[in-house]
Amino acid sequence: MNREEYVKQIEGRNGYCECPELKDLFEKRKRAEELEAKCDFYQRNVNLENPREEDFQTLVAYRDDVINLQITAREYYKNLREHVEDERVVLALHNLDGLTDKRISVSEMDELLRRRVDYIFVYHCAKCNQQIDVRAEEE
């Protein structure tokens, strides 16, 4: 299994839990998902290369939603990190070679990010173990 397939497979396990400690996190995530869906709609339905004059209001709304999405996503990831730091969320580093995972701390994650190591981080609720999110970036 290649990296892209593996990431797609583990992303499919993302979900929501009912743990009250993470309610604020899931509210931010739901808001970000709503904004992302709206932005996708704009991209599919408005000619961004050659907009018509009557598309001006739609373009303004699109711009506002993109800005709100960026802000909301930033808040979500900040909140997610805070929950890892206060141990409400568990962070695991996935190893593509063995398709295994290892629990890591925020400082270990930061070190891997500084070293620009190819990584796949997976976040789980510390209470019920529901997978919350996946962060997989390549350099």
# chains A, B, ... in the order shown; residues from 1 in each chain; ligands from 1
call {"tool": "closest_atom_pairs", "arguments": {"of": "region 46-129 of chain A", "to": "region 23-41 of chain A", "cutoff": "8 Å", "atoms": "only C-alpha atoms", "output": "tab-separated table"}}
result
residue	atom	partner	partner_atom	distance
A:Tyr62	CA	A:Cys39	CA	6.4
A:Asp65	CA	A:Leu35	CA	6.2
A:Val66	CA	A:Cys39	CA	6.6
A:Asn68	CA	A:Leu35	CA	7.5
A:Leu69	CA	A:Leu35	CA	5.6
A:Thr72	CA	A:Ala32	CA	5.8
A:Ala73	CA	A:Ala32	CA	6.0
A:Glu75	CA	A:Lys28	CA	7.5
A:Tyr76	CA	A:Lys28	CA	5.6
A:Asn79	CA	A:Leu25	CA	6.4
A:Leu80	CA	A:Leu25	CA	6.7
call {"tool": "write_last_selection", "arguments": {"atoms": "N, CA and C atoms", "output": "PDB file, in the first residue's frame"}}
result
ATOM      1  N   TYR A  62     -17.712  34.612  -1.598  1.00  0.00           N
ATOM      2  CA  TYR A  62     -16.684  33.568  -1.671  1.00  0.00           C
ATOM      3  C   TYR A  62     -15.424  34.003  -0.935  1.00  0.00           C
ATOM      4  N   ASP A  65     -16.005  33.874   2.757  1.00  0.00           N
ATOM      5  CA  ASP A  65     -16.028  32.497   3.259  1.00  0.00           C
ATOM      6  C   ASP A  65     -14.633  31.885   3.295  1.00  0.00           C
ATOM      7  N   VAL A  66     -13.805  32.208   2.301  1.00  0.00           N
ATOM      8  CA  VAL A  66     -12.418  31.720   2.302  1.00  0.00           C
ATOM      9  C   VAL A  66     -11.674  32.271   3.520  1.00  0.00           C
ATOM     10  N   ASN A  68     -12.999  33.341   6.350  1.00  0.00           N
ATOM     11  CA  ASN A  68     -13.567  32.706   7.542  1.00  0.00           C
ATOM     12  C   ASN A  68     -13.096  31.264   7.691  1.00  0.00           C
ATOM     13  N   LEU A  69     -12.950  30.559   6.578  1.00  0.00           N
ATOM     14  CA  LEU A  69     -12.436  29.189   6.628  1.00  0.00           C
ATOM     15  C   LEU A  69     -11.009  29.173   7.150  1.00  0.00           C
ATOM     16  N   THR A  72     -11.150  29.893  10.915  1.00  0.00           N
ATOM     17  CA  THR A  72     -11.745  28.775  11.643  1.00  0.00           C
ATOM     18  C   THR A  72     -10.796  27.581  11.681  1.00  0.00           C
ATOM     19  N   ALA A  73     -10.136  27.294  10.561  1.00  0.00           N
ATOM     20  CA  ALA A  73      -9.184  26.177  10.519  1.00  0.00           C
ATOM     21  C   ALA A  73      -8.010  26.436  11.461  1.00  0.00           C
ATOM     22  N   GLU A  75      -8.053  28.270  14.165  1.00  0.00           N
ATOM     23  CA  GLU A  75      -8.573  28.097  15.528  1.00  0.00           C
ATOM     24  C   GLU A  75      -8.736  26.616  15.864  1.00  0.00           C
ATOM     25  N   TYR A  76      -9.242  25.847  14.916  1.00  0.00           N
ATOM     26  CA  TYR A  76      -9.431  24.409  15.137  1.00  0.00           C
ATOM     27  C   TYR A  76      -8.097  23.744  15.447  1.00  0.00           C
ATOM     28  N   ASN A  79      -6.775  24.759  18.800  1.00  0.00           N
ATOM     29  CA  ASN A  79      -7.543  24.074  19.836  1.00  0.00           C
ATOM     30  C   ASN A  79      -7.165  22.594  19.922  1.00  0.00           C
ATOM     31  N   LEU A  80      -6.961  21.958  18.770  1.00  0.00           N
ATOM     32  CA  LEU A  80      -6.555  20.554  18.745  1.00  0.00           C
ATOM     33  C   LEU A  80      -5.217  20.386  19.457  1.00  0.00           C
TER      34      LEU A  80
END
call {"tool": "residues_around", "arguments": {"residues": "region 118-121 of chain A", "least_positions_apart": "3", "cutoff": "6 Å", "atoms": "only C-alpha atoms", "output": "list in words"}}
result
Ala92, Leu93, His94, Val134, Arg135, Ala136 and Glu138 of chain A
call {"tool": "residues_around", "arguments": {"residues": "region 101-105 of chain A", "least_positions_apart": "4", "cutoff": "10 Å", "atoms": "only C-alpha atoms", "output": "MDAnalysis selection string"}}
result
chainID A and resid 84:85 87 90:96 109:111 120:123
call {"tool": "write_last_selection", "arguments": {"atoms": "C-alpha atoms", "output": "CSV table (one decimal), in the first residue's frame"}}
result
chain,number,residue,atom,x,y,z
A,84,VAL,CA,-3.1,17.3,23.0
A,85,GLU,CA,-1.1,19.4,25.5
A,87,GLU,CA,-3.9,15.2,27.3
A,90,VAL,CA,-3.7,11.5,22.1
A,91,LEU,CA,-1.3,12.0,19.3
A,92,ALA,CA,0.2,9.1,17.4
A,93,LEU,CA,2.9,9.0,14.7
A,94,HIS,CA,2.2,6.5,12.0
A,95,ASN,CA,5.0,4.6,10.3
A,96,LEU,CA,4.2,3.8,6.7
A,109,MET,CA,5.9,16.2,17.0
A,110,ASP,CA,7.5,19.7,17.0
A,111,GLU,CA,10.9,18.1,16.6
A,120,ILE,CA,1.5,11.0,9.4
A,121,PHE,CA,0.0,12.2,12.7
A,122,VAL,CA,-3.3,10.8,13.9
A,123,TYR,CA,-5.3,12.4,16.7
call {"tool": "select_by_dssp", "arguments": {"residues": "region 42-106 of chain A", "states": "strand (DSSP E or B)", "output": "list in words"}}
result
Val89, Val90, Leu91, Ala92, Leu93, His94, Asn95, Thr100, Asp101, Lys102, Arg103 and Ile104 of chain A
call {"tool": "write_last_selection", "arguments": {"atoms": "N, CA and C atoms", "output": "PDB file, in the first residue's frame"}}
result
ATOM      1  N   VAL A  89      -6.543  14.801  24.096  1.00  0.00           N
ATOM      2  CA  VAL A  89      -6.359  14.167  22.798  1.00  0.00           C
ATOM      3  C   VAL A  89      -4.994  13.502  22.786  1.00  0.00           C
ATOM      4  N   VAL A  90      -4.946  12.289  22.236  1.00  0.00           N
ATOM      5  CA  VAL A  90      -3.714  11.520  22.115  1.00  0.00           C
ATOM      6  C   VAL A  90      -3.204  11.660  20.690  1.00  0.00           C
ATOM      7  N   LEU A  91      -1.921  11.841  20.557  1.00  0.00           N
ATOM      8  CA  LEU A  91      -1.268  12.026  19.261  1.00  0.00           C
ATOM      9  C   LEU A  91      -0.434  10.789  18.951  1.00  0.00           C
ATOM     10  N   ALA A  92      -0.611  10.235  17.764  1.00  0.00           N
ATOM     11  CA  ALA A  92       0.165   9.062  17.352  1.00  0.00           C
ATOM     12  C   ALA A  92       0.880   9.365  16.046  1.00  0.00           C
ATOM     13  N   LEU A  93       2.097   8.876  15.930  1.00  0.00           N
ATOM     14  CA  LEU A  93       2.886   8.994  14.714  1.00  0.00           C
ATOM     15  C   LEU A  93       2.755   7.670  13.980  1.00  0.00           C
ATOM     16  N   HIS A  94       2.287   7.711  12.755  1.00  0.00           N
ATOM     17  CA  HIS A  94       2.155   6.484  11.977  1.00  0.00           C
ATOM     18  C   HIS A  94       3.394   6.276  11.133  1.00  0.00           C
ATOM     19  N   ASN A  95       3.799   5.035  11.066  1.00  0.00           N
ATOM     20  CA  ASN A  95       4.964   4.630  10.311  1.00  0.00           C
ATOM     21  C   ASN A  95       4.479   3.846   9.096  1.00  0.00           C
ATOM     22  N   THR A 100       2.273   0.842  11.354  1.00  0.00           N
ATOM     23  CA  THR A 100       2.040   0.826  12.792  1.00  0.00           C
ATOM     24  C   THR A 100       1.943   2.260  13.293  1.00  0.00           C
ATOM     25  N   ASP A 101       1.547   2.397  14.546  1.00  0.00           N
ATOM     26  CA  ASP A 101       1.527   3.735  15.115  1.00  0.00           C
ATOM     27  C   ASP A 101       2.181   3.724  16.489  1.00  0.00           C
ATOM     28  N   LYS A 102       2.665   4.883  16.885  1.00  0.00           N
ATOM     29  CA  LYS A 102       3.364   5.059  18.153  1.00  0.00           C
ATOM     30  C   LYS A 102       2.878   6.353  18.768  1.00  0.00           C
ATOM     31  N   ARG A 103       2.495   6.313  20.029  1.00  0.00           N
ATOM     32  CA  ARG A 103       2.054   7.513  20.729  1.00  0.00           C
ATOM     33  C   ARG A 103       3.250   8.438  20.939  1.00  0.00           C
ATOM     34  N   ILE A 104       3.035   9.739  20.648  1.00  0.00           N
ATOM     35  CA  ILE A 104       4.117  10.707  20.807  1.00  0.00           C
ATOM     36  C   ILE A 104       3.601  11.944  21.536  1.00  0.00           C
TER      37      ILE A 104
END
call {"tool": "select_by_dssp", "arguments": {"residues": "region 21-132 of chain A", "states": "alpha helix (DSSP H)", "output": "JSON, numbers by chain"}}
result
{"A": [23, 24, 25, 26, 27, 28, 29, 30, 31, 32, 33, 34, 35, 36, 37, 38, 39, 40, 41, 42, 43, 44, 45, 56, 57, 58, 59, 60, 61, 62, 63, 64, 65, 66, 67, 68, 69, 70, 71, 72, 73, 74, 75, 76, 77, 78, 79, 80, 81, 82, 83, 84, 85, 106, 107, 108, 109, 110, 111, 112, 113, 114]}
call {"tool": "write_last_selection", "arguments": {"atoms": "C-alpha atoms", "output": "mmCIF file, in the first residue's frame"}}
result
data_model
loop_
_atom_site.group_PDB
_atom_site.id
_atom_site.type_symbol
_atom_site.label_atom_id
_atom_site.label_comp_id
_atom_site.auth_asym_id
_atom_site.auth_seq_id
_atom_site.Cartn_x
_atom_site.Cartn_y
_atom_site.Cartn_z
ATOM 1 C CA LYS A 23 -17.331 19.632 22.329
ATOM 2 C CA ASP A 24 -15.658 22.952 21.441
ATOM 3 C CA LEU A 25 -13.216 21.185 19.124
ATOM 4 C CA PHE A 26 -15.973 19.447 17.190
ATOM 5 C CA GLU A 27 -17.993 22.653 16.897
ATOM 6 C CA LYS A 28 -15.000 24.334 15.226
ATOM 7 C CA ARG A 29 -14.466 21.337 12.971
ATOM 8 C CA LYS A 30 -18.106 21.271 11.876
ATOM 9 C CA ARG A 31 -17.974 25.009 11.125
ATOM 10 C CA ALA A 32 -14.805 24.538 9.079
ATOM 11 C CA GLU A 33 -16.403 21.669 7.144
ATOM 12 C CA GLU A 34 -19.457 23.841 6.374
ATOM 13 C CA LEU A 35 -17.258 26.673 5.112
ATOM 14 C CA GLU A 36 -15.143 24.281 3.068
ATOM 15 C CA ALA A 37 -18.285 22.901 1.407
ATOM 16 C CA LYS A 38 -19.438 26.432 0.560
ATOM 17 C CA CYS A 39 -16.046 27.289 -0.930
ATOM 18 C CA ASP A 40 -16.087 24.090 -2.992
ATOM 19 C CA PHE A 41 -19.538 25.062 -4.274
ATOM 20 C CA TYR A 42 -18.240 28.471 -5.380
ATOM 21 C CA GLN A 43 -15.281 26.888 -7.154
ATOM 22 C CA ARG A 44 -17.538 24.509 -9.063
ATOM 23 C CA ASN A 45 -20.210 27.055 -9.983
ATOM 24 C CA PHE A 56 -19.514 40.226 -8.200
ATOM 25 C CA GLN A 57 -21.645 39.644 -5.072
ATOM 26 C CA THR A 58 -20.961 35.925 -5.254
ATOM 27 C CA LEU A 59 -17.223 36.588 -5.480
ATOM 28 C CA VAL A 60 -17.398 38.861 -2.435
ATOM 29 C CA ALA A 61 -19.249 36.136 -0.497
ATOM 30 C CA TYR A 62 -16.684 33.568 -1.671
ATOM 31 C CA ARG A 63 -13.795 35.755 -0.528
ATOM 32 C CA ASP A 64 -15.445 36.231 2.889
ATOM 33 C CA ASP A 65 -16.028 32.497 3.259
ATOM 34 C CA VAL A 66 -12.418 31.720 2.302
ATOM 35 C CA ILE A 67 -11.182 34.165 4.962
ATOM 36 C CA ASN A 68 -13.567 32.706 7.542
ATOM 37 C CA LEU A 69 -12.436 29.189 6.628
ATOM 38 C CA GLN A 70 -8.790 30.140 7.142
ATOM 39 C CA ILE A 71 -9.565 31.677 10.540
ATOM 40 C CA THR A 72 -11.745 28.775 11.643
ATOM 41 C CA ALA A 73 -9.184 26.177 10.519
ATOM 42 C CA ARG A 74 -6.424 28.023 12.381
ATOM 43 C CA GLU A 75 -8.573 28.097 15.528
ATOM 44 C CA TYR A 76 -9.431 24.409 15.137
ATOM 45 C CA TYR A 77 -5.773 23.342 14.851
ATOM 46 C CA LYS A 78 -4.775 25.606 17.728
ATOM 47 C CA ASN A 79 -7.543 24.074 19.836
ATOM 48 C CA LEU A 80 -6.555 20.554 18.745
ATOM 49 C CA ARG A 81 -2.962 21.206 19.838
ATOM 50 C CA GLU A 82 -4.138 22.574 23.188
ATOM 51 C CA HIS A 83 -6.147 19.399 23.734
ATOM 52 C CA VAL A 84 -3.054 17.303 22.979
ATOM 53 C CA GLU A 85 -1.054 19.375 25.453
ATOM 54 C CA VAL A 106 3.757 17.484 21.336
ATOM 55 C CA SER A 107 7.482 18.139 21.747
ATOM 56 C CA GLU A 108 8.292 15.033 19.672
ATOM 57 C CA MET A 109 5.860 16.214 16.993
ATOM 58 C CA ASP A 110 7.474 19.661 16.980
ATOM 59 C CA GLU A 111 10.919 18.105 16.582
ATOM 60 C CA LEU A 112 9.751 16.022 13.606
ATOM 61 C CA LEU A 113 8.198 19.122 12.040
ATOM 62 C CA ARG A 114 11.420 21.107 12.521
#
call {"tool": "atom_distance", "arguments": {"atom1": "CA of Asp86 (chain A)", "atom2": "CA of Gln9 (chain A)"}}
result
27.9 Å
call {"tool": "residues_around", "arguments": {"residues": "Ile132 (chain A)", "least_positions_apart": "5", "cutoff": "8 Å", "atoms": "only C-alpha atoms", "output": "PyMOL selection string"}}
result
chain A and resi 14-16+122-125
call {"tool": "write_last_selection", "arguments": {"atoms": "C-alpha atoms", "output": "PDB file, in the first residue's frame"}}
result
ATOM      1  CA  ASN A  14     -12.139  10.089  11.441  1.00  0.00           C
ATOM      2  CA  GLY A  15     -15.267  10.744  13.431  1.00  0.00           C
ATOM      3  CA  TYR A  16     -16.890  12.614  16.264  1.00  0.00           C
ATOM      4  CA  VAL A 122      -3.252  10.809  13.930  1.00  0.00           C
ATOM      5  CA  TYR A 123      -5.304  12.360  16.733  1.00  0.00           C
ATOM      6  CA  HIS A 124      -7.582  10.317  19.022  1.00  0.00           C
ATOM      7  CA  CYS A 125      -9.850  11.215  21.926  1.00  0.00           C
TER       8      CYS A 125
END
call {"tool": "atom_distance", "arguments": {"atom1": "CA of Arg13 (chain A)", "atom2": "CA of Ala126 (chain A)"}}
result
15.6 Å
